[in-house]
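So this block is work_7.json, JSON, C-alpha atoms:
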```json
[["chain", "number", "residue", "atom", "x", "y", "z"],
["A", 1, "MET", "CA", 162.25, 114.03, 136.03],
["A", 2, "SER", "CA", 162.61, 110.26, 135.59],
["A", 3, "ASP", "CA", 159.00, 109.55, 136.63],
["A", 4, "ALA", "CA", 157.54, 111.93, 134.02],
["A", 5, "LYS", "CA", 155.61, 110.74, 131.00],
["A", 6, "VAL", "CA", 154.37, 112.27, 127.76],
["A", 7, "PHE", "CA", 151.60, 110.87, 125.56],
["A", 8, "LEU", "CA", 152.52, 111.86, 122.02],
["A", 9, "VAL", "CA", 149.68, 111.77, 119.48],
["A", 10, "ASP", "CA", 150.81, 112.46, 115.90],
["A", 11, "ASP", "CA", 150.52, 110.46, 112.68],
["A", 12, "ASP", "CA", 154.01, 111.50, 111.51],
["A", 13, "GLU", "CA", 156.16, 108.56, 112.60],
["A", 14, "SER", "CA", 159.51, 110.22, 111.89],
["A", 15, "PHE", "CA", 158.48, 113.31, 113.84],
["A", 16, "CYS", "CA", 157.38, 111.15, 116.77],
["A", 17, "ALA", "CA", 160.71, 109.34, 116.76],
["A", 18, "VAL", "CA", 162.61, 112.63, 116.95],
["A", 19, "VAL", "CA", 160.42, 113.98, 119.77],
["A", 20, "ALA", "CA", 160.59, 110.71, 121.72],
["A", 21, "SER", "CA", 164.39, 110.73, 121.46],
["A", 22, "LEU", "CA", 164.51, 114.35, 122.57],
["A", 23, "LEU", "CA", 162.35, 113.65, 125.62],
["A", 24, "LYS", "CA", 164.34, 110.53, 126.48],
["A", 25, "SER", "CA", 167.49, 112.68, 126.58],
["A", 26, "VAL", "CA", 165.95, 114.62, 129.49],
["A", 27, "LYS", "CA", 164.65, 111.46, 131.19],
["A", 28, "ILE", "CA", 161.02, 111.85, 130.13],
["A", 29, "GLU", "CA", 159.28, 108.73, 128.85],
["A", 30, "ALA", "CA", 157.20, 109.12, 125.68],
["A", 31, "GLU", "CA", 154.35, 106.81, 124.69],
["A", 32, "THR", "CA", 153.51, 107.34, 121.03],
["A", 33, "PHE", "CA", 150.17, 107.00, 119.27],
["A", 34, "TYR", "CA", 149.96, 107.41, 115.50],
["A", 35, "SER", "CA", 146.18, 106.99, 115.60],
["A", 36, "PRO", "CA", 143.98, 109.34, 117.66],
["A", 37, "MET", "CA", 141.43, 106.56, 118.10],
["A", 38, "ASP", "CA", 144.09, 104.28, 119.58],
["A", 39, "PHE", "CA", 145.02, 107.06, 121.99],
["A", 40, "LEU", "CA", 141.40, 107.62, 123.05],
["A", 41, "LYS", "CA", 140.96, 103.89, 123.71],
["A", 42, "ALA", "CA", 144.16, 103.79, 125.78],
["A", 43, "PHE", "CA", 143.25, 106.94, 127.70],
["A", 44, "GLU", "CA", 139.64, 106.03, 128.52],
["A", 45, "GLY", "CA", 139.20, 105.21, 132.18],
["A", 46, "LYS", "CA", 142.93, 105.46, 132.90],
["A", 47, "SER", "CA", 143.31, 109.15, 133.82],
["A", 48, "GLU", "CA", 143.15, 108.47, 137.56],
["A", 49, "HIS", "CA", 146.32, 106.39, 137.29],
["A", 50, "ILE", "CA", 148.26, 108.92, 135.20],
["A", 51, "HIS", "CA", 150.68, 111.11, 137.17],
["A", 52, "ASN", "CA", 153.39, 113.64, 136.30],
["A", 53, "ALA", "CA", 152.31, 113.64, 132.68],
["A", 54, "CYS", "CA", 151.16, 115.68, 129.74],
["A", 55, "VAL", "CA", 149.77, 115.08, 126.27],
["A", 56, "ILE", "CA", 151.32, 116.41, 123.06],
["A", 57, "LEU", "CA", 148.54, 116.40, 120.49],
["A", 58, "ASP", "CA", 148.73, 117.37, 116.82],
["A", 59, "MET", "CA", 145.93, 119.57, 115.49],
["A", 60, "ARG", "CA", 145.73, 117.72, 112.18],
["A", 61, "LEU", "CA", 145.14, 113.99, 112.51],
["A", 62, "PRO", "CA", 143.45, 111.24, 110.49],
["A", 63, "GLU", "CA", 140.06, 109.83, 111.56],
["A", 64, "ILE", "CA", 139.29, 112.67, 113.98],
["A", 65, "SER", "CA", 140.79, 116.13, 114.41],
["A", 66, "GLY", "CA", 143.15, 116.96, 117.23],
["A", 67, "LEU", "CA", 140.67, 119.58, 118.46],
["A", 68, "ASP", "CA", 137.94, 116.95, 118.71],
["A", 69, "VAL", "CA", 140.31, 114.68, 120.63],
["A", 70, "LEU", "CA", 141.14, 117.59, 122.93],
["A", 71, "GLU", "CA", 137.48, 118.26, 123.68],
["A", 72, "LYS", "CA", 136.88, 114.60, 124.46],
["A", 73, "ILE", "CA", 139.78, 114.14, 126.87],
["A", 74, "THR", "CA", 139.51, 117.50, 128.66],
["A", 75, "ALA", "CA", 135.95, 116.60, 129.64],
["A", 76, "ASP", "CA", 137.73, 114.43, 132.23],
["A", 77, "PRO", "CA", 138.82, 116.61, 135.18],
["A", 78, "LEU", "CA", 141.82, 114.32, 135.68],
["A", 79, "CYS", "CA", 143.10, 114.86, 132.15],
["A", 80, "PRO", "CA", 146.77, 115.86, 132.21],
["A", 81, "PRO", "CA", 147.77, 119.16, 130.55],
["A", 82, "VAL", "CA", 147.53, 119.09, 126.75],
["A", 83, "ILE", "CA", 150.03, 120.81, 124.45],
["A", 84, "MET", "CA", 148.66, 121.30, 120.94],
["A", 85, "LEU", "CA", 150.92, 121.09, 117.89],
["A", 86, "THR", "CA", 150.23, 122.93, 114.66],
["A", 87, "ALA", "CA", 152.19, 123.18, 111.42],
["A", 88, "HIS", "CA", 150.25, 126.26, 110.38],
["A", 89, "ALA", "CA", 149.57, 129.67, 111.90],
["A", 90, "ASP", "CA", 145.93, 128.78, 112.50],
["A", 91, "VAL", "CA", 144.69, 131.41, 114.95],
["A", 92, "PRO", "CA", 141.02, 130.26, 115.08],
["A", 93, "SER", "CA", 142.06, 126.68, 115.89],
["A", 94, "ALA", "CA", 144.53, 127.88, 118.52],
["A", 95, "VAL", "CA", 141.81, 129.99, 120.15],
["A", 96, "ARG", "CA", 139.39, 127.07, 120.09],
["A", 97, "ALA", "CA", 142.07, 124.82, 121.59],
["A", 98, "MET", "CA", 142.69, 127.18, 124.50],
["A", 99, "LYS", "CA", 138.95, 127.55, 125.11],
["A", 100, "SER", "CA", 138.62, 123.77, 125.09],
["A", 101, "GLY", "CA", 141.19, 123.40, 127.85],
["A", 102, "ALA", "CA", 144.55, 123.14, 126.11],
["A", 103, "PHE", "CA", 147.46, 123.98, 128.39],
["A", 104, "ASP", "CA", 149.34, 125.68, 125.55],
["A", 105, "PHE", "CA", 150.19, 125.25, 121.89],
["A", 106, "ILE", "CA", 153.41, 125.29, 119.90],
["A", 107, "GLU", "CA", 153.89, 125.81, 116.17],
["A", 108, "LYS", "CA", 156.03, 123.54, 114.00],
["A", 109, "PRO", "CA", 158.91, 123.86, 113.38],
["A", 110, "PHE", "CA", 160.11, 124.55, 116.92],
["A", 111, "SER", "CA", 163.38, 124.23, 118.77],
["A", 112, "GLY", "CA", 163.94, 121.16, 120.89],
["A", 113, "GLN", "CA", 164.59, 123.28, 123.96],
["A", 114, "SER", "CA", 161.34, 125.21, 123.59],
["A", 115, "LEU", "CA", 159.38, 121.95, 123.50],
["A", 116, "VAL", "CA", 161.27, 120.50, 126.47],
["A", 117, "ASP", "CA", 160.66, 123.69, 128.48],
["A", 118, "LEU", "CA", 156.94, 123.61, 127.67],
["A", 119, "VAL", "CA", 156.65, 119.91, 128.49],
["A", 120, "GLN", "CA", 158.36, 120.39, 131.85],
["A", 121, "LYS", "CA", 156.06, 123.31, 132.61],
["A", 122, "ALA", "CA", 153.01, 121.19, 131.75],
["A", 123, "ILE", "CA", 154.20, 118.26, 133.87],
["A", 124, "ASP", "CA", 154.84, 120.59, 136.81],
["A", 125, "ALA", "CA", 151.27, 121.88, 136.41],
["A", 126, "ASP", "CA", 149.92, 118.32, 136.40],
["A", 127, "ARG", "CA", 151.87, 117.47, 139.54],
["A", 128, "ALA", "CA", 150.56, 120.59, 141.29],
["A", 129, "LYS", "CA", 146.96, 119.94, 140.24],
["A", 130, "ARG", "CA", 147.02, 116.36, 141.46],
["A", 131, "GLY", "CA", 148.62, 117.44, 144.73],
["A", 132, "LYS", "CA", 145.76, 119.87, 145.32],
["A", 133, "MET", "CA", 143.23, 117.18, 144.47],
["A", 134, "ARG", "CA", 144.80, 114.83, 147.01],
["A", 135, "GLN", "CA", 144.62, 117.57, 149.64],
["A", 136, "THR", "CA", 140.97, 118.16, 148.81],
["A", 137, "ARG", "CA", 140.11, 114.45, 149.13],
["A", 138, "THR", "CA", 141.88, 114.33, 152.49],
["A", 139, "LEU", "CA", 140.02, 117.42, 153.68],
["A", 140, "MET", "CA", 136.63, 116.08, 152.61],
["A", 141, "ALA", "CA", 137.35, 112.74, 154.28],
["A", 142, "ARG", "CA", 138.17, 114.50, 157.55],
["A", 143, "LEU", "CA", 135.03, 116.62, 157.31],
["A", 144, "ALA", "CA", 132.96, 113.47, 156.86],
["A", 145, "THR", "CA", 134.12, 112.20, 160.28],
["A", 146, "LEU", "CA", 132.38, 115.05, 162.11],
["A", 147, "SER", "CA", 129.11, 114.37, 163.90],
["A", 148, "LYS", "CA", 125.97, 116.35, 163.06],
["A", 149, "ARG", "CA", 126.45, 118.49, 166.18],
["A", 150, "GLU", "CA", 130.11, 119.07, 165.36],
["A", 151, "ARG", "CA", 129.12, 120.22, 161.88],
["A", 152, "GLN", "CA", 126.67, 122.67, 163.43],
["A", 153, "VAL", "CA", 129.35, 124.05, 165.72],
["A", 154, "LEU", "CA", 131.83, 124.27, 162.87],
["A", 155, "ASP", "CA", 129.36, 126.18, 160.68],
["A", 156, "LEU", "CA", 128.84, 128.71, 163.46],
["A", 157, "VAL", "CA", 132.58, 129.02, 164.11],
["A", 158, "VAL", "CA", 133.11, 129.73, 160.41],
["A", 159, "ALA", "CA", 130.30, 132.32, 160.61],
["A", 160, "GLY", "CA", 132.40, 134.14, 163.21],
["A", 161, "LYS", "CA", 130.31, 133.29, 166.27],
["A", 162, "ALA", "CA", 131.97, 133.20, 169.70],
["A", 163, "SER", "CA", 131.53, 130.22, 172.01],
["A", 164, "LYS", "CA", 128.91, 132.07, 174.09],
["A", 165, "GLN", "CA", 126.85, 132.87, 170.97],
["A", 166, "ILE", "CA", 127.13, 129.30, 169.71],
["A", 167, "ALA", "CA", 126.05, 127.96, 173.11],
["A", 168, "GLU", "CA", 122.98, 130.21, 173.14],
["A", 169, "GLU", "CA", 122.02, 129.33, 169.57],
["A", 170, "LEU", "CA", 122.36, 125.58, 170.07],
["A", 171, "GLY", "CA", 121.05, 125.51, 173.63],
["A", 172, "ILE", "CA", 124.19, 123.96, 175.10],
["A", 173, "SER", "CA", 126.83, 125.11, 177.59],
["A", 174, "ILE", "CA", 129.92, 127.08, 176.66],
["A", 175, "HIS", "CA", 132.01, 124.22, 178.05],
["A", 176, "THR", "CA", 130.28, 121.80, 175.67],
["A", 177, "VAL", "CA", 130.89, 124.15, 172.75],
["A", 178, "ASP", "CA", 134.58, 124.34, 173.62],
["A", 179, "ASN", "CA", 134.77, 120.55, 173.87],
["A", 180, "HIS", "CA", 133.12, 120.19, 170.46],
["A", 181, "ARG", "CA", 135.54, 122.71, 168.99],
["A", 182, "ALA", "CA", 138.52, 120.83, 170.42],
["A", 183, "HIS", "CA", 137.23, 117.56, 168.94],
["A", 184, "ILE", "CA", 136.63, 119.25, 165.59],
["A", 185, "MET", "CA", 140.17, 120.64, 165.51],
["A", 186, "SER", "CA", 141.55, 117.21, 166.32],
["A", 187, "LYS", "CA", 139.52, 115.49, 163.60],
["A", 188, "MET", "CA", 140.38, 118.17, 161.04],
["A", 189, "HIS", "CA", 144.09, 118.06, 162.01],
["A", 190, "THR", "CA", 144.26, 121.81, 162.63],
["A", 191, "ASP", "CA", 146.35, 123.54, 165.29],
["A", 192, "SER", "CA", 144.58, 126.90, 165.50],
["A", 193, "LEU", "CA", 141.17, 128.46, 165.03],
["A", 194, "ALA", "CA", 142.44, 130.26, 161.93],
["A", 195, "ASP", "CA", 143.60, 126.95, 160.40],
["A", 196, "LEU", "CA", 140.24, 125.37, 161.24],
["A", 197, "VAL", "CA", 138.26, 128.16, 159.57],
["A", 198, "ARG", "CA", 140.55, 128.07, 156.54],
["A", 199, "ALA", "CA", 140.13, 124.29, 156.18],
["A", 200, "ALA", "CA", 136.35, 124.47, 156.60],
["A", 201, "VAL", "CA", 135.98, 127.25, 154.03],
["A", 202, "SER", "CA", 138.20, 125.36, 151.59],
["A", 203, "ALA", "CA", 136.15, 122.18, 152.03],
["A", 204, "LYS", "CA", 132.87, 124.03, 151.48],
["A", 205, "ASN", "CA", 134.18, 125.69, 148.33],
["A", 206, "LYS", "CA", 135.18, 122.33, 146.89],
["A", 207, "ALA", "CA", 132.12, 120.39, 147.99],
["A", 208, "PRO", "CA", 129.96, 119.11, 145.08]]
```
What does this structure look like when you write it as structure tokens?
Amino acid sequence: MSDAKVFLVDDDESFCAVVASLLKSVKIEAETFYSPMDFLKAFEGKSEHIHNACVILDMRLPEISGLDVLEKITADPLCPPVIMLTAHADVPSAVRAMKSGAFDFIEKPFSGQSLVDLVQKAIDADRAKRGKMRQTRTLMARLATLSKRERQVLDLVVAGKASKQIAEELGISIHTVDNHRAHIMSKMHTDSLADLVRAAVSAKNKAP
């Protein structure tokens, strides 16, 4: 996992050094921030360029609480998964963290292996999420290449209408409908009607 990265936000310098060394041993780069404000400044506007990553964020920080930092960064849909650290069995804070979008939390002290396992799980989740987002952007870009008439035909295909029904509804020939459908399938990069319907439904569900 040599391309993986962890943003470690904790004001305990000795703890950060231990965690960074642990992550380095499994080929995960760690960028450390002792100040939550420094982290927020570094993170702002950069999430689009962060890949295969996660954030390890302490609940108790100077200047601003870890929970407040969490709520700020998870407002960004591109925020990588966030693992919250706590030195206390603070159930209300843990619940608030999960509701605010934390990926998971871990209580200090913890074993090195348990942290590594959780970090790898979070990075895998980030990779999967960004892969899906790339697929969605590709799908929306393909959909945008369709003409107005092709969009009309596609909507009716998705509605389950046969070529004859589409032809009657749009006042065109069946041959023209079939030609439109072939062009749509080519533009959407689909090989079958089932794939076309699946892609169209997926695009509609993700459209703003």
Give one line per residue of range 84-186 of chain A that approaches range 51-62 of chain A to at most 6 Å, naming the two atoms of the closest pair and their distance in Å to one decimal, counting all atoms listed in the file; sort by chain then ascending residue number and deliver it as CSV.
```
residue,atom,partner,partner_atom,distance
A:Met84,CA,A:Leu57,CA,4.9
A:Leu85,CA,A:Asp58,CA,4.4
A:Thr86,CA,A:Met59,CA,5.5
A:Ile123,CA,A:Ala53,CA,5.1
A:Asp126,CA,A:Asn52,CA,5.8
A:Arg127,CA,A:Asn52,CA,5.2
```
Protein/DNA/RNA residues near (130.0, 129.3, 161.8), cut 12 Å, all atoms listed in the file, as a PyMOL selection string: chain A and resi 150-163+165-166+169-170+181+193+196-198+200-201+204
List the spatial neighbours of Met37 in chain A as a compact mmCIF listing (two decimals) with C-alpha atoms, in the coordinates of the input - criterion: any atom at most 12 Å away, only C-alpha atoms, same-chain residues fewer than 6 positions off excluded.
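Listing of around.txt after writing:
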```
# COMPACT_ATOMS: atom_id res chain seq x y z
CA VAL A 9 149.68 111.77 119.48
CA ASP A 10 150.81 112.46 115.90
CA ASP A 11 150.52 110.46 112.68
CA PHE A 43 143.25 106.94 127.70
CA GLU A 44 139.64 106.03 128.52
CA LEU A 61 145.14 113.99 112.51
CA PRO A 62 143.45 111.24 110.49
CA GLU A 63 140.06 109.83 111.56
CA ILE A 64 139.29 112.67 113.98
CA SER A 65 140.79 116.13 114.41
CA GLY A 66 143.15 116.96 117.23
CA ASP A 68 137.94 116.95 118.71
CA VAL A 69 140.31 114.68 120.63
CA LYS A 72 136.88 114.60 124.46
CA ILE A 73 139.78 114.14 126.87
```
Point-to-point distance from CA of Ala125 in chain A to CA of Ser100 in chain A, Å rounded to tenths: 17.1 Å
Pairwise distance for CA of Thr74 in chain A and CA of Gly101 in chain A, rounded to one decimal in Å: 6.2 Å
Of the listed residues A:Leu118, A:Ala42, A:Asp76, A:Ala203, that which approaches Thr138 in chain A most closely, counting all atoms listed in the file: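 When distances to Thr138 in chain A are compared using all atoms listed in the file, the smallest one comes from A:Ala203.
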All residues 10 Å or closer to range 45-48 of chain A, all atoms listed in the file, same chain fewer than 6 positions away omitted, as a ChimeraX atom specification: /A:73,76-80,130
Edge lengths and centre in Å, axis-aligned, range 48-60 of chain A plus 4 Å each side, as lines of an AutoDock Vina configuration file:
```
center_x = 148.3
center_y = 113.0
center_z = 124.9
size_x = 18.2
size_y = 21.2
size_z = 33.4
```
Distance query 12 Å from (159.2, 124.7, 123.6) using all atoms listed in the file, result as a list in words: Val19, Leu22, Leu23, Ile56, Ile83, Met84, Leu85, Asp104, Phe105, Ile106, Glu107, Lys108, Pro109, Phe110, Ser111, Gly112, Gln113, Ser114, Leu115, Val116, Asp117, Leu118, Val119, Gln120, Lys121 and Ala122 of chain A
Counting only C-alpha atoms, the option among A:Met188, A:Ala128, A:Val177, A:Ala102 closest to Met140 in chain A: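 Once distances to Met140 in chain A are computed over only C-alpha atoms, the minimum belongs to A:Met188.
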Point-to-point distance from CA of His183 in chain A to CA of Leu143 in chain A, Å rounded to tenths: 11.9 Å
Test item: residues at most 10 Å from Glu29 in chain A, all atoms listed in the file, excluding those fewer than 3 positions along its chain, as a list in words: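 What passes the distance filter is Met1, Ser2, Asp3, Ala4, Lys5, Val6, Phe7, Ala20, Ser21, Leu22, Leu23, Lys24, Ser25, Val26, Thr32 and Ala53 of chain A.
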